[in-house]
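Shown next: final.txt, given as compact mmCIF, C-alpha atoms.
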# COMPACT_ATOMS: atom_id res chain seq x y z
CA MET A 1 -11.47 16.32 -1.14
CA LYS A 2 -10.87 19.12 -3.62
CA LYS A 3 -7.09 19.55 -3.78
CA ILE A 4 -4.75 16.71 -2.88
CA PHE A 5 -1.02 16.62 -2.12
CA ILE A 6 0.60 13.18 -2.54
CA THR A 7 4.05 12.06 -1.36
CA GLY A 8 5.71 8.97 -2.80
CA ALA A 9 3.82 9.58 -6.03
CA LEU A 10 6.03 7.37 -8.19
CA GLY A 11 5.80 4.37 -5.86
CA GLN A 12 3.67 1.24 -6.12
CA ILE A 13 0.47 2.86 -4.85
CA GLY A 14 1.23 6.48 -5.70
CA ALA A 15 1.77 6.04 -9.43
CA GLU A 16 -1.74 4.67 -9.87
CA LEU A 17 -3.47 6.73 -7.20
CA VAL A 18 -2.28 10.02 -8.72
CA MET A 19 -3.72 9.14 -12.12
CA LYS A 20 -7.03 7.90 -10.71
CA MET A 21 -7.43 10.98 -8.53
CA ARG A 22 -6.59 13.28 -11.43
CA GLU A 23 -9.40 11.66 -13.39
CA ILE A 24 -11.80 12.34 -10.52
CA TYR A 25 -10.64 15.67 -9.10
CA GLY A 26 -8.88 17.25 -12.09
CA ASN A 27 -5.23 17.18 -13.17
CA SER A 28 -4.30 20.50 -11.58
CA ASN A 29 -5.88 19.56 -8.24
CA VAL A 30 -3.60 16.57 -7.54
CA ILE A 31 -0.03 17.56 -6.71
CA ALA A 32 2.42 14.69 -7.07
CA THR A 33 5.75 14.63 -5.23
CA ASP A 34 8.61 12.15 -5.02
CA ILE A 35 12.29 12.12 -4.16
CA LYS A 36 13.08 11.24 -7.76
CA ILE A 37 11.91 12.53 -11.11
CA ASP A 38 10.93 10.68 -14.28
CA LYS A 39 10.01 13.10 -17.06
CA ASN A 40 8.64 10.25 -19.18
CA HIS A 41 6.21 9.10 -16.47
CA ASN A 42 2.54 9.95 -16.94
CA VAL A 43 2.44 11.19 -13.33
CA PHE A 44 4.98 13.87 -14.26
CA GLN A 45 3.42 14.71 -17.61
CA SER A 46 -0.26 14.92 -16.60
CA GLY A 47 -0.17 17.47 -13.79
CA PRO A 48 1.82 19.32 -11.12
CA PHE A 49 4.95 17.51 -9.92
CA GLU A 50 7.54 18.54 -7.34
CA ILE A 51 10.71 16.86 -6.07
CA LEU A 52 10.39 16.23 -2.34
CA ASP A 53 12.46 14.31 0.19
CA VAL A 54 9.93 13.76 2.98
CA THR A 55 12.66 14.05 5.61
CA ASP A 56 12.97 17.71 4.55
CA ALA A 57 10.29 19.28 6.75
CA LYS A 58 10.98 22.82 5.57
CA LEU A 59 10.51 22.00 1.88
CA MET A 60 7.38 19.98 2.55
CA ASN A 61 5.86 22.92 4.38
CA GLU A 62 6.85 25.30 1.58
CA LEU A 63 5.20 23.11 -1.06
CA VAL A 64 1.97 22.74 0.91
CA THR A 65 1.97 26.51 1.47
CA LYS A 66 2.43 26.99 -2.29
CA TYR A 67 -0.35 24.65 -3.46
CA LYS A 68 -2.81 24.99 -0.53
CA PRO A 69 -4.27 21.45 -0.60
CA ASP A 70 -7.09 20.39 1.71
CA THR A 71 -5.83 16.78 1.83
CA ILE A 72 -2.42 15.13 2.22
CA ILE A 73 -1.91 11.53 1.10
CA HIS A 74 1.40 10.41 2.62
CA LEU A 75 2.73 7.32 0.82
CA ALA A 76 6.52 7.78 0.88
CA ALA A 77 8.13 4.87 2.77
CA LEU A 78 10.53 1.95 2.54
CA LEU A 79 8.69 -1.37 2.21
CA SER A 80 9.08 -4.44 4.40
CA ALA A 81 12.01 -6.39 2.97
CA THR A 82 13.99 -3.25 2.12
CA ALA A 83 13.28 -1.82 5.57
CA GLU A 84 14.58 -4.98 7.22
CA SER A 85 17.85 -4.76 5.31
CA LYS A 86 18.25 -1.04 6.16
CA PRO A 87 16.46 -0.59 9.51
CA LEU A 88 17.91 2.78 10.52
CA LEU A 89 17.20 4.27 7.10
CA ALA A 90 13.68 2.87 7.33
CA TRP A 91 13.14 4.51 10.71
CA ASN A 92 14.41 7.85 9.45
CA ILE A 93 12.27 7.81 6.30
CA ASN A 94 9.16 6.03 7.53
CA MET A 95 8.85 7.76 10.89
CA GLY A 96 10.67 11.02 10.18
CA GLY A 97 8.68 11.56 7.00
CA LEU A 98 5.41 10.73 8.76
CA VAL A 99 6.03 13.20 11.60
CA ASN A 100 6.87 15.91 9.08
CA ALA A 101 3.72 15.22 7.07
CA LEU A 102 1.52 15.22 10.19
CA GLU A 103 3.02 18.50 11.35
CA VAL A 104 2.30 20.08 7.97
CA ALA A 105 -1.25 18.70 8.03
CA LYS A 106 -1.74 20.17 11.49
CA GLU A 107 -0.40 23.59 10.48
CA HIS A 108 -2.43 23.79 7.27
CA ASN A 109 -5.60 22.08 8.56
CA CYS A 110 -5.44 19.26 5.99
CA LYS A 111 -7.21 15.93 6.05
CA PHE A 112 -4.57 13.22 6.21
CA PHE A 113 -4.16 9.65 4.96
CA THR A 114 -1.26 7.26 5.37
CA PRO A 115 -1.40 3.50 4.89
CA SER A 116 -0.58 0.99 7.57
CA SER A 117 -0.08 -2.69 6.78
CA ILE A 118 -0.63 -6.25 7.89
CA GLY A 119 3.03 -5.88 8.83
CA ALA A 120 1.76 -4.07 11.94
CA PHE A 121 0.80 -7.49 13.28
CA GLY A 122 3.30 -9.99 14.62
CA PRO A 123 3.78 -13.68 15.45
CA SER A 124 1.69 -13.39 18.63
CA THR A 125 -1.29 -11.91 16.76
CA PRO A 126 -4.13 -14.37 16.01
CA LYS A 127 -3.31 -15.65 12.52
CA GLU A 128 -6.79 -16.57 11.28
CA ASN A 129 -9.45 -13.90 10.70
CA THR A 130 -7.28 -11.43 12.60
CA PRO A 131 -9.53 -9.00 14.50
CA GLN A 132 -9.55 -5.25 13.99
CA ASP A 133 -8.42 -4.71 17.59
CA THR A 134 -5.85 -7.24 18.70
CA LEU A 135 -2.33 -7.76 20.03
CA GLN A 136 0.31 -6.07 17.86
CA ARG A 137 3.92 -7.00 18.61
CA PRO A 138 5.71 -7.04 15.22
CA THR A 139 9.26 -8.34 14.97
CA THR A 140 10.39 -6.30 11.95
CA MET A 141 11.43 -2.67 11.63
CA TYR A 142 8.70 -2.15 9.04
CA GLY A 143 6.11 -3.53 11.45
CA VAL A 144 7.41 -1.37 14.29
CA ASN A 145 7.15 1.67 11.99
CA LYS A 146 3.58 0.80 11.09
CA VAL A 147 2.38 0.28 14.67
CA ALA A 148 4.08 3.50 15.73
CA GLY A 149 2.51 5.25 12.74
CA GLU A 150 -0.98 4.08 13.63
CA LEU A 151 -0.55 5.37 17.18
CA LEU A 152 1.02 8.62 16.03
CA CYS A 153 -1.88 9.34 13.68
CA ASP A 154 -4.32 8.58 16.51
CA TYR A 155 -2.36 11.01 18.68
CA TYR A 156 -2.55 13.83 16.13
CA TYR A 157 -6.30 13.26 15.82
CA HIS A 158 -6.99 13.30 19.56
CA LYS A 159 -4.39 15.91 20.53
CA TYR A 160 -4.62 18.36 17.63
CA GLY A 161 -7.84 17.48 15.80
CA VAL A 162 -6.10 16.47 12.56
CA ASP A 163 -8.56 14.42 10.49
CA THR A 164 -6.27 11.40 10.14
CA ARG A 165 -7.37 8.22 8.37
CA GLY A 166 -5.72 5.00 7.24
CA VAL A 167 -6.03 1.33 6.36
CA ARG A 168 -3.92 -1.75 7.01
CA PHE A 169 -3.16 -2.86 3.48
CA PRO A 170 -2.38 -6.49 2.69
CA GLY A 171 -0.06 -7.36 -0.18
CA LEU A 172 -0.95 -5.22 -3.20
CA ILE A 173 -0.91 -6.67 -6.71
CA SER A 174 -0.63 -4.42 -9.76
CA TYR A 175 0.08 -4.65 -13.49
CA VAL A 176 1.19 -0.98 -13.62
CA ALA A 177 4.05 -0.54 -11.16
CA LEU A 178 6.85 -3.03 -10.61
CA PRO A 179 7.39 -4.38 -7.08
CA GLY A 180 9.33 -2.20 -4.67
CA GLY A 181 10.89 -4.36 -1.97
CA GLY A 182 7.88 -5.91 -0.26
CA THR A 183 7.47 -9.41 1.14
CA THR A 184 4.35 -10.02 -0.95
CA ASP A 185 6.05 -9.00 -4.21
CA TYR A 186 6.14 -12.61 -5.40
CA ALA A 187 2.41 -12.33 -6.10
CA VAL A 188 3.22 -9.68 -8.72
CA ASP A 189 6.40 -11.27 -10.10
CA ILE A 190 4.67 -14.59 -10.70
CA TYR A 191 2.37 -13.12 -13.36
CA TYR A 192 5.24 -11.50 -15.25
CA GLU A 193 7.27 -14.72 -15.23
CA ALA A 194 4.28 -16.83 -16.19
CA LEU A 195 3.97 -14.83 -19.39
CA LYS A 196 7.68 -14.40 -20.08
CA SER A 197 9.06 -17.85 -19.27
CA GLY A 198 6.16 -20.11 -18.30
CA LYS A 199 7.73 -20.89 -14.94
CA TYR A 200 8.39 -19.20 -11.62
CA THR A 201 10.70 -19.73 -8.65
CA SER A 202 8.98 -18.50 -5.50
CA ASN A 203 10.99 -17.02 -2.62
CA ILE A 204 8.01 -17.67 -0.33
CA ALA A 205 7.38 -21.26 0.74
CA LYS A 206 4.44 -23.39 -0.32
CA GLY A 207 1.65 -23.23 2.24
CA THR A 208 2.46 -19.65 3.34
CA TYR A 209 -0.82 -17.75 3.31
CA MET A 210 -0.97 -13.96 3.20
CA ASP A 211 -3.77 -11.51 2.58
CA MET A 212 -3.73 -9.76 -0.77
CA MET A 213 -5.65 -7.08 -2.67
CA TYR A 214 -5.76 -6.07 -6.32
CA MET A 215 -4.67 -2.47 -6.83
CA PRO A 216 -7.99 -1.17 -8.27
CA ASP A 217 -9.71 -2.21 -5.04
CA ALA A 218 -6.92 -0.66 -2.96
CA LEU A 219 -7.22 2.69 -4.76
CA ASN A 220 -10.98 2.71 -4.32
CA SER A 221 -10.60 1.98 -0.62
CA ILE A 222 -8.41 5.07 -0.14
CA ILE A 223 -10.86 7.33 -1.95
CA ASP A 224 -13.92 5.82 -0.25
CA LEU A 225 -12.36 6.23 3.20
CA MET A 226 -11.26 9.81 2.55
CA GLU A 227 -14.73 10.73 1.28
CA ALA A 228 -16.50 9.01 4.21
CA ASP A 229 -18.38 10.87 6.95
CA SER A 230 -15.78 11.58 9.64
CA SER A 231 -18.35 11.25 12.44
CA LYS A 232 -18.90 7.58 11.57
CA LEU A 233 -15.23 6.61 11.84
CA ILE A 234 -14.21 4.87 15.05
CA HIS A 235 -10.89 3.25 14.18
CA ARG A 236 -9.78 5.96 11.75
CA ASN A 237 -6.09 5.07 11.23
CA ALA A 238 -5.90 1.32 11.08
CA PHE A 239 -8.84 -0.28 9.29
CA ASN A 240 -8.30 -3.91 8.32
CA VAL A 241 -8.97 -4.31 4.57
CA THR A 242 -8.52 -7.36 2.39
CA SER A 243 -9.77 -9.10 -0.74
CA MET A 244 -8.31 -12.61 -0.65
CA SER A 245 -5.82 -14.92 1.05
CA PHE A 246 -3.72 -17.49 -0.80
CA ASP A 247 -0.38 -19.28 -0.82
CA PRO A 248 2.01 -19.53 -3.83
CA GLU A 249 0.56 -22.87 -4.91
CA GLU A 250 -2.97 -21.49 -5.14
CA ILE A 251 -2.02 -18.50 -7.28
CA ALA A 252 0.02 -20.86 -9.49
CA SER A 253 -3.01 -23.13 -9.87
CA GLU A 254 -5.13 -20.18 -10.96
CA ILE A 255 -2.51 -19.14 -13.53
CA LYS A 256 -2.46 -22.71 -14.90
CA LYS A 257 -6.10 -22.29 -15.90
CA HIS A 258 -4.86 -19.72 -18.42
CA ILE A 259 -1.37 -21.12 -19.10
CA PRO A 260 -1.64 -24.92 -18.66
CA THR A 261 2.13 -25.51 -19.03
CA PHE A 262 3.04 -23.08 -16.23
CA THR A 263 5.19 -24.54 -13.44
CA ILE A 264 6.34 -23.30 -10.04
CA ASP A 265 9.27 -24.29 -7.84
CA TYR A 266 10.80 -22.82 -4.69
CA ASP A 267 13.98 -21.14 -3.51
CA VAL A 268 12.91 -19.64 -0.22
CA ASP A 269 14.37 -16.33 0.94
CA PRO A 270 14.81 -16.76 4.72
CA VAL A 271 14.36 -13.06 5.47
CA LYS A 272 11.14 -12.70 3.47
CA GLN A 273 9.87 -16.05 4.73
CA ALA A 274 10.39 -15.03 8.36
CA ILE A 275 8.52 -11.80 7.73
CA ALA A 276 5.68 -13.62 5.99
CA GLU A 277 5.35 -16.14 8.82
CA SER A 278 5.02 -13.32 11.35
CA TRP A 279 1.96 -11.95 9.54
CA PRO A 280 -1.66 -13.17 9.64
CA ASN A 281 -3.02 -15.76 7.23
CA SER A 282 -6.29 -13.83 6.91
CA ILE A 283 -7.78 -10.69 8.47
CA ASP A 284 -11.27 -9.49 9.40
CA PRO A 285 -12.38 -6.31 7.53
CA SER A 286 -15.78 -6.00 9.24
CA SER A 287 -15.03 -2.65 10.93
CA ALA A 288 -14.19 -1.07 7.56
CA ILE A 289 -17.39 -2.51 6.10
CA GLU A 290 -19.51 -1.20 8.96
CA GLU A 291 -17.92 2.23 9.39
CA TRP A 292 -17.43 3.38 5.79
CA GLY A 293 -18.79 0.75 3.45
CA PHE A 294 -15.56 -0.96 2.39
CA LYS A 295 -16.07 -3.31 -0.56
CA VAL A 296 -14.03 -5.06 -3.25
CA LYS A 297 -14.68 -6.24 -6.80
CA TYR A 298 -11.83 -8.71 -7.34
CA ASP A 299 -11.18 -12.20 -6.00
CA LEU A 300 -8.26 -14.42 -7.08
CA PRO A 301 -9.86 -15.74 -10.32
CA LYS A 302 -11.04 -12.29 -11.47
CA MET A 303 -7.71 -10.70 -10.59
CA THR A 304 -5.71 -13.39 -12.42
CA THR A 305 -7.75 -12.98 -15.58
CA ASP A 306 -7.35 -9.22 -15.50
CA MET A 307 -3.63 -9.27 -14.60
CA LEU A 308 -2.71 -11.60 -17.44
CA GLN A 309 -4.80 -9.66 -19.93
CA LYS A 310 -3.38 -6.27 -18.91
CA LEU A 311 0.22 -7.53 -18.93
CA LYS A 312 -0.25 -8.98 -22.42
CA GLU A 313 -1.56 -5.59 -23.54
CA LYS A 314 1.66 -4.08 -22.17
CA GLY A 315 3.65 -6.48 -24.33
CA ILE A 316 4.75 -8.81 -21.56
CA GLY A 317 5.15 -12.39 -22.74
CA ARG A 318 6.70 -14.60 -25.35
What does the file become when written as structure tokens?
Amino acid sequence: MKKIFITGALGQIGAELVMKMREIYGNSNVIATDIKIDKNHNVFQSGPFEILDVTDAKLMNELVTKYKPDTIIHLAALLSATAESKPLLAWNINMGGLVNALEVAKEHNCKFFTPSSIGAFGPSTPKENTPQDTLQRPTTMYGVNKVAGELLCDYYYHKYGVDTRGVRFPGLISYVALPGGGTTDYAVDIYYEALKSGKYTSNIAKGTYMDMMYMPDALNSIIDLMEADSSKLIHRNAFNVTSMSFDPEEIASEIKKHIPTFTIDYDVDPVKQAIAESWPNSIDPSSAIEEWGFKVKYDLPKMTTDMLQKLKEKGIGR
């Protein structure tokens, strides 16, 4: 990668990925776009930024023509819980935006990345150590979008030769960006509340396991995959990746090692709970390890220590 065009640049992944890529590839070589603008955001201040609604195919093509990137990172999407509350909007943004981005990548001969998710699995998928290749029958609009997206990216690779790549992200935990409507957001909220109030009310039930990943590992996985030798990639658009799997009680127990008075209780959100229960408890990342050397640095204890430290440095807490 030499010049990178990123959609959804102010979102949960985008805000951090833009800054990391600008450190690696140079500020002027990472073009950030989003449907909104925040002139105080470091993404806006540190390099090129354009307003882009990804459902506007004409504007997307004009911007790629203007900047001439060799790589498109397509992140713009509605997340799981938000998508379930607005399914038609989710289809229009998640699928319409993806088709537009793939068409632009095809026309301009760009490498292409878009993330899939553990949401691409469903209640009939094996829940423990979920295989790379397995039954995918999701019961949410977000999941339907993600399965369709995986297949669509495969299609553009086989039909048109677009160098498409992607991973199935688990829940992503970050101290930089606030949650954006995902089912796994509780695993971010809990750290903020632990520092601010010393207690947390979880909208996900005790005993509900989901795969998670700390954002630094997620960002590295995108870069590592995009820099990998294309000839070694078999699965290309849907690599299982993960760092850890835990339920709310386990993350609370880890926080208590740092804040002994911390307490957790529950007020379960039926929509988010149903989504969580349709996903795997743990997934198998062996294909990503074998095909492009996927690796992580953070487990739950290391992540908890770093999250609490970084949030304190941001001034979060009593």
> Expressed in Å to a single decimal, how great is the separation between CA of Ala177 (chain A) and CA of Gly96 (chain A)?
Replying inline: 25.2 Å
> Which is closest to Asp211 (chain A) among A:Asp224, A:Asp269, A:Glu277, A:Asp189, if we use all atoms listed in the file?
Replying inline: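 Nearest to Asp211 (chain A): A:Glu277.
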>> Using only C-alpha atoms for the distances, tell me which of A:Leu89, A:Ala205, A:Ile255, A:Ala83 is nearest to Pro270 (chain A).
In response: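 Between A:Leu89, A:Ala205, A:Ile255, A:Ala83, the residue approaching Pro270 (chain A) most closely is A:Ala205.
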>> Residues within 6 Å of region 106-123 of chain A, please, as a list in words. Count all atoms listed in the file; anything in the same chain fewer than 3 positions from it doesn't count.
In response: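 Near neighbours after the sequence-gap exclusion: Asp70, Thr71, Ile72, Ile73, His74, Glu103, Gln136, Arg137, Pro138, Gly143, Lys146, Val147, Val162, Asp163, Thr164, Arg165, Gly166, Val167, Arg168, Phe169, Pro170, Ser278 and Trp279 of chain A.
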> CA of Val268 (chain A) and CA of Ile204 (chain A) are how many Å apart?
Replying inline: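 Separating CA of Val268 (chain A) from CA of Ile204 (chain A) is a distance of 5.3 Å.
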> Near Trp292 (chain A), counting only C-alpha atoms, which residues have an atom at most 8 Å away, once you skip same-chain residues fewer than 6 positions from it, shown as a list in words?
Replying inline: Asp224, Leu225, Ala228, Asp229, Lys232 and Leu233 of chain A
>> Between CA of His158 (chain A) and CA of Arg236 (chain A), what is the distance in Å, rounded to a tenth?
In response: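 Computing the Euclidean distance for CA of His158 (chain A) and CA of Arg236 (chain A) yields 11.1 Å.
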How would you write as a tab-separated table (two decimals) with C-alpha atoms, in the frame of the given file the residues that get within 9 Å of (-2.0, -19.4, -11.1) in the file's frame, counting only C-alpha atoms?
chain	number	residue	atom	x	y	z
A	190	ILE	CA	4.67	-14.59	-10.70
A	191	TYR	CA	2.37	-13.12	-13.36
A	194	ALA	CA	4.28	-16.83	-16.19
A	248	PRO	CA	2.01	-19.53	-3.83
A	249	GLU	CA	0.56	-22.87	-4.91
A	250	GLU	CA	-2.97	-21.49	-5.14
A	251	ILE	CA	-2.02	-18.50	-7.28
A	252	ALA	CA	0.02	-20.86	-9.49
A	253	SER	CA	-3.01	-23.13	-9.87
A	254	GLU	CA	-5.13	-20.18	-10.96
A	255	ILE	CA	-2.51	-19.14	-13.53
A	256	LYS	CA	-2.46	-22.71	-14.90
A	257	LYS	CA	-6.10	-22.29	-15.90
A	258	HIS	CA	-4.86	-19.72	-18.42
A	259	ILE	CA	-1.37	-21.12	-19.10
A	262	PHE	CA	3.04	-23.08	-16.23
A	300	LEU	CA	-8.26	-14.42	-7.08
A	301	PRO	CA	-9.86	-15.74	-10.32
A	304	THR	CA	-5.71	-13.39	-12.42
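Nearest-residue note for Asn145 (chain A): choosing from A:Gly182, A:Ala101, A:Pro87, A:Met226, the minimum distance belongs to A:Pro87, counting all atoms listed in the file.
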>> Given only C-alpha atoms as the basis, pick out the residue of A:Asn220, A:Ser28, A:Ser245, A:Thr82 nearest to Lys295 (chain A).
In response: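 Residue with the minimum atom-to-atom distance to Lys295 (chain A): A:Asn220.
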>> I'd like to know which of A:Val30, A:Met212, A:Val144, A:Leu311 is closest to Asn94 (chain A), using all atoms listed in the file.
In response: A:Val144
